[in-house]
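K.L.:
The structure is given below, and queries will be raised subsequently.
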Amino acid sequence: AQSVTQLDSQVPVFEEAPVELRCNYSSSVSVYLFWYVQYPNQGLQLLLKYLSGSTLVKGINGFEAEFNKSQTSFHLRKPSVHISDTAEYFCAASSGGSYIPTFGRGTSLIVHP
Amino acid sequence: DTGVSQDPRHKITKRGQNVTFRCDPISEHNRLYWYRQTLGQGPEFLTYFQNEAQLEKSRLLSDRFSAERPKGSFSTLEIQRTEQGDSAMYLCASKEREGKNEQFFGPGTRLTVL
């Protein structure tokens, strides 16, 4: 079974600064990787996904992530954050046809003015 | 609104009572998933359906938890004899058939057991 580790529980950053949220997964063949964002009292919204192909994945709201197979990582980045990016971010991984993702514990991104 | 909907959004109950939550998936999605999310944690998978068939239920937390999707459309999650440890957000998600790996999540039902 997959396991997902989000190394930072909280990441504070100033507005317009770059940010990286880290995610590592357990090694697996044919792994699918996802980043979701969750605003307070809401469900999860998909930011981006890696299924195959290019290792650099671009998502919504200016986010991107890079799949690194050798380091089993899928870190999320944004070159310049906004106050509105303040939210909880979850990395998830799945493998196999049933598509049952395993989620990390989440990283709280706090953007200060 | 054609997204995933859940009802109720909030539920407060006393320990020992039964509760039932409803999820309406996106209409053309045939797979439906239930998750539990406790404070400070990511969603934890509980069970899922393909149409009306429940394909995985071994991860339901105890025999007090059960789920149905009788007509392959909406689904219900029931918790019997609730305990304080059941307090959490219960999320529902749906997806299209194979080849489409994105799950669409509903807003969740927040359960508080007093």
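Just so we're on the same page: first chain in the structure tokens is A, next is B, and so on; residues restart at 1 for each chain, and ligands are numbered from 1 in the order they show up.
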Please identify all residues of chain B having at least one atom at most 7 Å from any atom of chain A, considering only C-alpha atoms, and return them as a list in words.
P.N.:
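Output check: Gly40, Gln41, Gly42, Pro43, Asn101, Phe105, Gly106, Pro107 and Gly108 of chain B.
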K.L.:
Could you take the residues named above and write them with N, CA and C atoms, as an mmCIF file, in the first residue's frame?
P.N.:
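Wrote it out as result.cif, contents follow:
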data_model
loop_
_atom_site.group_PDB
_atom_site.id
_atom_site.type_symbol
_atom_site.label_atom_id
_atom_site.label_comp_id
_atom_site.auth_asym_id
_atom_site.auth_seq_id
_atom_site.Cartn_x
_atom_site.Cartn_y
_atom_site.Cartn_z
ATOM 1 N N GLY B 40 -6.652 17.942 11.419
ATOM 2 C CA GLY B 40 -5.214 17.864 11.233
ATOM 3 C C GLY B 40 -4.735 16.676 10.431
ATOM 4 N N GLN B 41 -5.657 15.965 9.815
ATOM 5 C CA GLN B 41 -5.296 14.780 9.021
ATOM 6 C C GLN B 41 -5.847 14.893 7.611
ATOM 7 N N GLY B 42 -5.271 14.096 6.718
ATOM 8 C CA GLY B 42 -5.835 13.995 5.392
ATOM 9 C C GLY B 42 -7.025 13.058 5.371
ATOM 10 N N PRO B 43 -7.771 13.070 4.290
ATOM 11 C CA PRO B 43 -8.909 12.145 4.176
ATOM 12 C C PRO B 43 -8.463 10.692 4.261
ATOM 13 N N ASN B 101 -8.889 9.684 -13.734
ATOM 14 C CA ASN B 101 -8.475 9.460 -12.362
ATOM 15 C C ASN B 101 -8.809 10.567 -11.390
ATOM 16 N N PHE B 105 -14.768 16.144 -5.186
ATOM 17 C CA PHE B 105 -15.220 16.040 -3.805
ATOM 18 C C PHE B 105 -16.414 16.941 -3.520
ATOM 19 N N GLY B 106 -17.271 16.463 -2.630
ATOM 20 C CA GLY B 106 -18.334 17.286 -2.097
ATOM 21 C C GLY B 106 -17.826 18.133 -0.949
ATOM 22 N N PRO B 107 -18.695 18.992 -0.390
ATOM 23 C CA PRO B 107 -18.274 19.900 0.678
ATOM 24 C C PRO B 107 -18.132 19.222 2.037
ATOM 25 N N GLY B 108 -18.644 18.000 2.164
ATOM 26 C CA GLY B 108 -18.493 17.271 3.415
ATOM 27 C C GLY B 108 -19.647 17.477 4.383
#
K.L.:
Chain B: which residues are strand (DSSP E or B) by DSSP, as a PyMOL selection string?
P.N.:
chain B and resi 5-7+10-13+19-24+31-37+44-50+53-56+65-68+75-79+88-95+104-105+109-113
K.L.:
Just how far from CA of Gln103 in chain B is CA of Asp63 in chain B, in Å to one decimal?
P.N.:
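According to the coordinates, CA of Asp63 in chain B and CA of Gln103 in chain B are separated by 26.2 Å.
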K.L.:
Taking into account only C-alpha atoms, which residue in the set A:Ala65, A:Val13, A:Ala93, A:Leu7 is nearest to Val29 in chain A?
P.N.:
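Checking each candidate against Val29 in chain A, we get A:Ala93 as the closest.
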K.L.:
Pick out the residues sitting within 8 Å of His82 in chain A, and hand them over as a list in words; count only C-alpha atoms, and ignore anything fewer than 5 positions along from it in its own chain.
P.N.:
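Listed by chain and then number, they are Glu15, Glu16 and Val111 of chain A.
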K.L.:
Between A:Asn61, A:Thr5, A:Ser26, A:Ser95, single out the one closest to His75 in chain A, counting only C-alpha atoms.
P.N.:
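Once distances to His75 in chain A are computed over only C-alpha atoms, the minimum belongs to A:Thr5.
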K.L.:
Would you mind listing what lies within 6 Å of Arg36 in chain B as a ChimeraX atom specification, with only C-alpha atoms counted and same-chain residues fewer than 2 positions away left out?
P.N.:
/B:43-44,89-90
K.L.:
Save the residues we just selected, C-alpha atoms, as an mmCIF file, in the first residue's frame?
P.N.:
data_model
loop_
_atom_site.group_PDB
_atom_site.id
_atom_site.type_symbol
_atom_site.label_atom_id
_atom_site.label_comp_id
_atom_site.auth_asym_id
_atom_site.auth_seq_id
_atom_site.Cartn_x
_atom_site.Cartn_y
_atom_site.Cartn_z
ATOM 1 C CA PRO B 43 -8.909 12.145 4.176
ATOM 2 C CA GLU B 44 -8.996 8.480 5.126
ATOM 3 C CA MET B 89 -15.760 15.483 8.561
ATOM 4 C CA TYR B 90 -17.221 12.869 6.233
#
K.L.:
Pick from B:Thr13, B:Ser87, B:Asn30, B:Thr109: nearest to Gln54 in chain B, with only C-alpha atoms counted?
P.N.:
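When distances to Gln54 in chain B are compared using only C-alpha atoms, the smallest one comes from B:Asn30.
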